[in-house]
file data-v5.txt (compact mmCIF, C-alpha atoms)
# COMPACT_ATOMS: atom_id res chain seq x y z
CA MET A 1134 -5.46 14.35 -5.17
CA ASP A 1135 -2.94 15.70 -2.69
CA ASN A 1136 0.50 14.34 -3.61
CA ARG A 1137 1.47 14.18 0.06
CA TYR A 1138 -0.25 10.80 0.16
CA PHE A 1139 2.49 9.48 -2.11
CA ASP A 1140 5.06 10.67 0.45
CA VAL A 1141 3.17 8.69 3.09
CA VAL A 1142 3.28 5.59 0.88
CA ASP A 1143 7.04 5.88 0.37
CA ALA A 1144 7.63 6.41 4.11
CA THR A 1145 5.34 3.70 5.46
CA TRP A 1146 5.99 1.13 2.70
CA PRO A 1147 9.55 2.16 1.81
CA PRO A 1148 11.60 0.94 -1.14
CA TYR A 1149 15.04 -0.54 -0.54
CA ALA A 1150 16.45 2.58 -2.18
CA ILE A 1151 15.27 5.69 -4.00
CA THR A 1152 17.47 7.38 -6.59
CA HIS A 1153 16.94 10.11 -9.17
CA ALA A 1154 17.68 9.88 -12.87
CA GLY A 1155 16.93 13.18 -14.58
CA PRO A 1156 13.21 13.91 -14.10
CA TRP A 1157 12.54 10.44 -12.65
CA LEU A 1158 12.28 8.96 -9.19
CA ILE A 1159 13.51 5.37 -9.36
CA ARG A 1160 12.41 2.97 -6.63
CA GLU A 1161 14.38 -0.21 -5.99
CA GLY A 1162 11.94 -2.74 -4.57
CA ARG A 1163 13.95 -5.93 -3.99
CA GLY A 1164 10.79 -8.02 -4.44
CA GLY A 1165 8.54 -5.82 -2.31
CA GLY A 1166 5.85 -5.32 -4.95
CA LYS A 1167 4.75 -2.60 -7.35
CA ARG A 1168 4.52 0.18 -4.77
CA VAL A 1169 8.27 -0.01 -4.11
CA SER A 1170 9.37 -0.88 -7.65
CA ALA A 1171 7.69 1.70 -9.90
CA ALA A 1172 9.33 4.73 -11.45
CA SER A 1173 7.48 8.03 -11.28
CA ALA A 1174 8.02 11.45 -12.80
CA THR A 1175 9.18 14.29 -10.57
CA GLY A 1176 7.98 16.93 -13.04
CA PRO A 1177 7.07 17.38 -16.69
CA VAL A 1178 8.63 14.82 -19.05
CA THR A 1179 8.75 14.23 -22.78
CA GLU A 1180 9.04 11.06 -24.84
CA THR A 1181 12.79 11.61 -25.06
CA ASP A 1182 13.02 11.29 -21.26
CA ILE A 1183 11.44 7.83 -21.10
CA PRO A 1184 14.58 5.86 -22.16
CA GLN A 1185 16.43 7.36 -19.17
CA ALA A 1186 13.89 5.81 -16.79
CA LEU A 1187 14.04 2.48 -18.62
CA ASP A 1188 17.84 2.40 -18.44
CA ALA A 1189 17.77 3.19 -14.72
CA MET A 1190 15.28 0.38 -14.03
CA ARG A 1191 17.26 -2.12 -16.12
CA ALA A 1192 20.42 -1.17 -14.24
CA ILE A 1193 18.90 -2.44 -10.98
CA GLY A 1194 17.35 -5.52 -12.57
CA GLN A 1195 13.75 -4.36 -12.47
CA GLY A 1196 10.94 -4.53 -14.99
CA GLN A 1197 9.76 -1.42 -16.79
CA LEU A 1198 7.00 -0.28 -14.47
CA PHE A 1199 5.62 3.26 -14.11
CA MET A 1200 3.34 4.76 -11.48
CA LEU A 1201 0.87 7.28 -12.94
CA ARG A 1202 -0.59 9.86 -10.59
CA PRO A 1203 -3.56 12.12 -11.38
CA ASP A 1204 -1.35 14.92 -12.68
CA ASP A 1205 0.63 12.60 -14.98
CA THR A 1206 -1.91 12.79 -17.82
CA ALA A 1207 0.61 13.61 -20.55
CA LEU A 1208 2.99 10.84 -19.47
CA ASP A 1209 0.09 8.42 -19.25
CA GLN A 1210 -0.81 9.13 -22.87
CA MET A 1211 2.82 8.76 -24.00
CA LEU A 1212 3.15 5.37 -22.35
CA GLU A 1213 -0.16 4.20 -23.78
CA THR A 1214 1.06 5.16 -27.26
CA GLN A 1215 4.23 3.14 -26.66
CA GLY A 1216 2.26 0.01 -25.75
CA TYR A 1217 2.28 0.15 -21.95
CA GLU A 1218 -0.91 -1.32 -20.49
CA VAL A 1219 -2.75 -0.21 -17.38
CA ILE A 1220 -2.37 -2.55 -14.43
CA ASP A 1221 -3.85 -2.40 -10.93
CA PRO A 1222 -5.82 0.88 -10.75
CA VAL A 1223 -5.79 1.87 -7.08
CA HIS A 1224 -8.10 3.86 -4.80
CA VAL A 1225 -6.59 5.91 -1.96
CA TYR A 1226 -8.94 5.96 1.05
CA SER A 1227 -8.83 8.28 4.05
CA GLY A 1228 -10.89 8.54 7.19
CA ASP A 1229 -11.01 9.90 10.73
CA PRO A 1230 -9.19 7.43 13.02
CA ALA A 1231 -11.70 8.05 15.83
CA VAL A 1232 -14.63 7.25 13.56
CA ILE A 1233 -12.99 4.13 12.13
CA GLY A 1234 -12.01 2.97 15.61
CA ALA A 1235 -15.51 3.41 17.06
CA GLY A 1236 -17.62 0.37 17.81
CA GLU A 1237 -17.05 -2.78 19.77
CA ILE A 1238 -14.06 -5.08 19.36
CA PRO A 1239 -14.75 -8.31 21.28
CA ARG A 1240 -12.24 -9.28 23.95
CA VAL A 1241 -9.09 -11.09 22.82
CA THR A 1242 -9.90 -10.36 19.18
CA THR A 1243 -7.11 -7.93 18.23
CA PHE A 1244 -3.58 -7.48 19.55
CA GLU A 1245 -0.70 -5.12 18.79
CA SER A 1246 2.90 -6.24 18.42
CA GLU A 1247 6.13 -4.31 17.89
CA THR A 1248 7.43 -7.06 15.62
CA PRO A 1249 5.74 -9.53 13.24
CA LEU A 1250 5.17 -12.67 15.30
CA ALA A 1251 5.72 -16.07 13.72
CA ILE A 1252 1.97 -16.71 13.43
CA MET A 1253 1.56 -13.34 11.72
CA GLN A 1254 4.23 -14.26 9.19
CA GLU A 1255 2.42 -17.55 8.51
CA ILE A 1256 -0.89 -15.78 7.85
CA TRP A 1257 0.77 -13.23 5.58
CA ALA A 1258 2.55 -16.01 3.71
CA GLU A 1259 -0.81 -17.67 2.95
CA GLY A 1260 -1.90 -14.37 1.41
CA GLY A 1261 1.24 -14.12 -0.73
CA ILE A 1262 3.07 -11.65 1.53
CA GLY A 1263 6.48 -13.22 2.09
CA PRO A 1264 9.90 -12.17 3.41
CA ASP A 1265 10.50 -9.47 0.78
CA ARG A 1266 7.36 -7.58 1.82
CA LEU A 1267 8.07 -8.15 5.51
CA ALA A 1268 11.44 -6.51 4.84
CA VAL A 1269 9.56 -3.48 3.48
CA MET A 1270 7.64 -3.20 6.76
CA ALA A 1271 10.85 -3.52 8.76
CA ARG A 1272 12.43 -0.62 6.84
CA ALA A 1273 9.78 1.91 7.91
CA GLN A 1274 11.35 4.33 10.39
CA GLY A 1275 8.37 6.07 11.98
CA PRO A 1276 5.82 4.81 14.51
CA LYS A 1277 4.33 1.50 13.40
CA THR A 1278 2.52 -1.54 14.71
CA TYR A 1279 1.68 -5.07 13.62
CA LEU A 1280 -1.90 -6.19 14.31
CA LEU A 1281 -3.04 -9.76 14.92
CA GLY A 1282 -6.71 -10.73 14.73
CA ARG A 1283 -8.32 -13.78 16.29
CA THR A 1284 -11.64 -15.47 15.68
CA ASN A 1285 -13.05 -18.88 16.60
CA ASP A 1286 -10.20 -19.31 19.09
CA ARG A 1287 -7.45 -19.05 16.51
CA ALA A 1288 -5.25 -16.43 14.87
CA ALA A 1289 -6.80 -15.64 11.49
CA GLY A 1290 -5.93 -12.09 10.40
CA VAL A 1291 -3.12 -9.56 10.30
CA ALA A 1292 -2.44 -5.97 9.31
CA TYR A 1293 0.42 -3.49 9.46
CA VAL A 1294 0.03 0.24 10.19
CA ALA A 1295 2.67 2.98 10.11
CA MET A 1296 2.79 6.77 10.49
CA HIS A 1297 4.35 9.62 8.55
CA ASP A 1298 3.84 13.35 9.06
CA GLY A 1299 0.66 12.91 11.06
CA VAL A 1300 -0.92 10.44 8.64
CA ALA A 1301 -1.29 6.73 9.42
CA MET A 1302 -1.44 4.24 6.56
CA LEU A 1303 -2.62 0.65 6.78
CA HIS A 1304 -1.02 -1.98 4.57
CA ALA A 1305 -1.20 -5.75 4.10
CA LEU A 1306 -4.57 -6.47 5.71
CA GLU A 1307 -5.06 -10.22 5.34
CA VAL A 1308 -7.71 -12.56 6.73
CA LEU A 1309 -7.41 -16.30 6.11
CA GLU A 1310 -9.85 -17.27 3.38
CA LYS A 1311 -11.88 -19.70 5.47
CA PHE A 1312 -12.62 -16.90 7.94
CA HIS A 1313 -13.82 -14.38 5.37
CA GLY A 1314 -17.20 -12.86 6.14
CA ASN A 1315 -17.08 -13.12 9.92
CA GLY A 1316 -16.18 -9.49 10.62
CA LEU A 1317 -12.52 -9.91 11.49
CA GLY A 1318 -11.42 -7.43 8.82
CA ARG A 1319 -13.71 -4.81 10.38
CA HIS A 1320 -12.27 -5.49 13.85
CA LEU A 1321 -8.72 -5.12 12.53
CA MET A 1322 -9.68 -1.83 10.89
CA ARG A 1323 -11.15 -0.61 14.18
CA ALA A 1324 -7.95 -1.61 15.96
CA ALA A 1325 -5.95 0.28 13.34
CA GLY A 1326 -8.12 3.36 13.89
CA ARG A 1327 -7.60 3.20 17.64
CA TRP A 1328 -3.83 2.83 17.25
CA ALA A 1329 -3.72 5.76 14.80
CA ALA A 1330 -5.80 7.95 17.12
CA ALA A 1331 -3.52 7.11 20.06
CA GLN A 1332 -0.55 8.20 17.94
CA GLY A 1333 -2.21 11.53 17.21
CA ALA A 1334 -2.83 10.79 13.53
CA ARG A 1335 -5.08 13.21 11.65
CA GLU A 1336 -6.07 10.53 9.14
CA LEU A 1337 -6.01 6.79 8.68
CA THR A 1338 -5.37 5.98 5.04
CA LEU A 1339 -4.92 2.92 2.88
CA LEU A 1340 -4.56 1.75 -0.71
CA VAL A 1341 -6.73 -0.85 -2.40
CA THR A 1342 -7.20 -1.98 -5.98
CA ARG A 1343 -10.51 -0.94 -7.51
CA ARG A 1344 -11.32 -4.55 -8.41
CA ASN A 1345 -11.30 -5.64 -4.75
CA VAL A 1346 -15.04 -5.15 -4.29
CA PRO A 1347 -15.38 -6.59 -0.74
CA ALA A 1348 -12.51 -4.47 0.59
CA ASN A 1349 -13.86 -1.30 -1.00
CA ALA A 1350 -17.26 -2.01 0.55
CA LEU A 1351 -15.70 -2.52 3.99
CA TYR A 1352 -13.73 0.72 3.92
CA SER A 1353 -16.70 2.73 2.70
CA SER A 1354 -18.88 1.25 5.44
CA LEU A 1355 -16.38 2.53 8.03
CA GLY A 1356 -16.85 6.09 6.84
CA MET A 1357 -13.69 6.26 4.74
CA GLN A 1358 -13.71 8.29 1.52
CA VAL A 1359 -11.79 7.89 -1.73
CA VAL A 1360 -9.41 10.87 -1.82
CA GLY A 1361 -7.46 9.92 -4.93
CA ASP A 1362 -6.58 7.33 -7.52
CA TYR A 1363 -3.51 6.17 -9.39
CA HIS A 1364 -2.47 3.27 -11.60
CA TYR A 1365 0.55 1.58 -13.10
CA ARG A 1366 1.57 0.95 -16.69
CA ILE A 1367 3.72 -1.95 -17.83
CA LYS A 1368 4.50 -3.75 -21.08
CA ASP A 1369 3.71 -7.45 -21.39
CA SER A 1370 7.33 -8.06 -22.35
CA ALA A 1371 8.48 -6.28 -19.19
call {"tool": "encode", "arguments": {"input": "data-v5.txt", "output": "structure tokens"}}
result
Amino acid sequence: MDNRYFDVVDATWPPYAITHAGPWLIREGRGGGKRVSAASATGPVTETDIPQALDAMRAIGQGQLFMLRPDDTALDQMLETQGYEVIDPVHVYSGDPAVIGAGEIPRVTTFESETPLAIMQEIWAEGGIGPDRLAVMARAQGPKTYLLGRTNDRAAGVAYVAMHDGVAMLHALEVLEKFHGNGLGRHLMRAAGRWAAAQGARELTLLVTRRNVPANALYSSLGMQVVGDYHYRIKDSA
């Protein structure tokens, strides 16, 4: 897996702050979720380096959470030995924005907004995406858009897309549960592809947990390919 995708994650879903402690990158998330709160290694580490990461995370009031990328095999084994359990294995998907954006989007089905409208915030809140994660979106500095999806004459879905270094990444795609299965997620993905293509993006990417079977099926059906994987490790006591 190309590690540049992790740079896109940090730019389009940015932590409150990033600091370095020895061979560690420490993300301060301020409630924004695992992606902005996990420590990761910046190079080779040994077991004697792990306490430095733990101290740095404690110092900012965060749990002891590590992101393990494909080349972190040795660290992954060390953490497993120390009792850290795997949580949320993630697929990284990528696809051609023009291909994803192809196909019909019915009139008045998707809309772009420069800011998250009140109705968007309500839909995200129903999906567990509250003010702390909205603050993450607001911190992104590059081109970005907020997408609203409508079906059955009402607002029912949302998504957020941002760009970094020619790569667009979609985050926080949510469709209200009672409207699942009616194609709104596909229309929002097409709208994201069209926005990314208009911005000159080479790729449209996204992250999704492996256990989210319907979402994985949707992205695959749009011609997207898994280009990498990563996971987190955490202790129950953390």
call {"tool": "closest_residue", "arguments": {"input": "data-v5.txt", "among": "A:Ser1354, A:Tyr1363, A:Arg1266, A:Tyr1293", "to": "Ser1173 of chain A", "atoms": "only C-alpha atoms"}}
result
A:Tyr1363
call {"tool": "residues_around", "arguments": {"input": "data-v5.txt", "residues": "Pro1156 of chain A", "least_positions_apart": "5", "cutoff": "9 Å", "atoms": "all atoms listed in the file", "output": "JSON, numbers by chain"}}
result
{"A": [1173, 1174, 1175, 1176, 1177, 1178, 1182, 1185, 1186]}
call {"tool": "closest_residue", "arguments": {"input": "data-v5.txt", "among": "A:His1304, A:Arg1168, A:His1224, A:His1313", "to": "Ala1325 of chain A", "atoms": "all atoms listed in the file"}}
result
A:His1304
call {"tool": "atom_distance", "arguments": {"input": "data-v5.txt", "atom1": "atom CA of Asp1265 of chain A", "atom2": "atom CA of Gly1164 of chain A"}}
result
5.4 Å
call {"tool": "atom_distance", "arguments": {"input": "data-v5.txt", "atom1": "atom CA of Glu1161 of chain A", "atom2": "atom CA of Ile1193 of chain A"}}
result
7.1 Å
call {"tool": "residues_near_point", "arguments": {"input": "data-v5.txt", "point": "(-2.6, -17.2, -1.3)", "cutoff": "12 Å", "atoms": "all atoms listed in the file", "output": "VMD selection string"}}
result
chain A and resid 1255 to 1263 1307 to 1311
call {"tool": "residues_around", "arguments": {"input": "data-v5.txt", "residues": "segment 1201-1207 of chain A", "least_positions_apart": "2", "cutoff": "7 Å", "atoms": "only C-alpha atoms", "output": "count of residues only"}}
result
10
call {"tool": "atom_distance", "arguments": {"input": "data-v5.txt", "atom1": "atom CA of Pro1222 of chain A", "atom2": "atom CA of Ala1154 of chain A"}}
result
25.3 Å
call {"tool": "closest_residue", "arguments": {"input": "data-v5.txt", "among": "A:Val1142, A:Val1269, A:Ile1220, A:Ile1159", "to": "Lys1368 of chain A", "atoms": "all atoms listed in the file"}}
result
A:Ile1220
call {"tool": "residues_around", "arguments": {"input": "data-v5.txt", "residues": "Gly1236 of chain A", "least_positions_apart": "4", "cutoff": "9 Å", "atoms": "all atoms listed in the file", "output": "short mmCIF file (atom, residue, chain, number, x, y, z; two decimals) with C-alpha atoms, in the coordinates of the input"}}
result
data_model
loop_
_atom_site.label_atom_id
_atom_site.label_comp_id
_atom_site.auth_asym_id
_atom_site.auth_seq_id
_atom_site.Cartn_x
_atom_site.Cartn_y
_atom_site.Cartn_z
CA VAL A 1232 -14.63 7.25 13.56
CA HIS A 1320 -12.27 -5.49 13.85
CA ARG A 1323 -11.15 -0.61 14.18
#
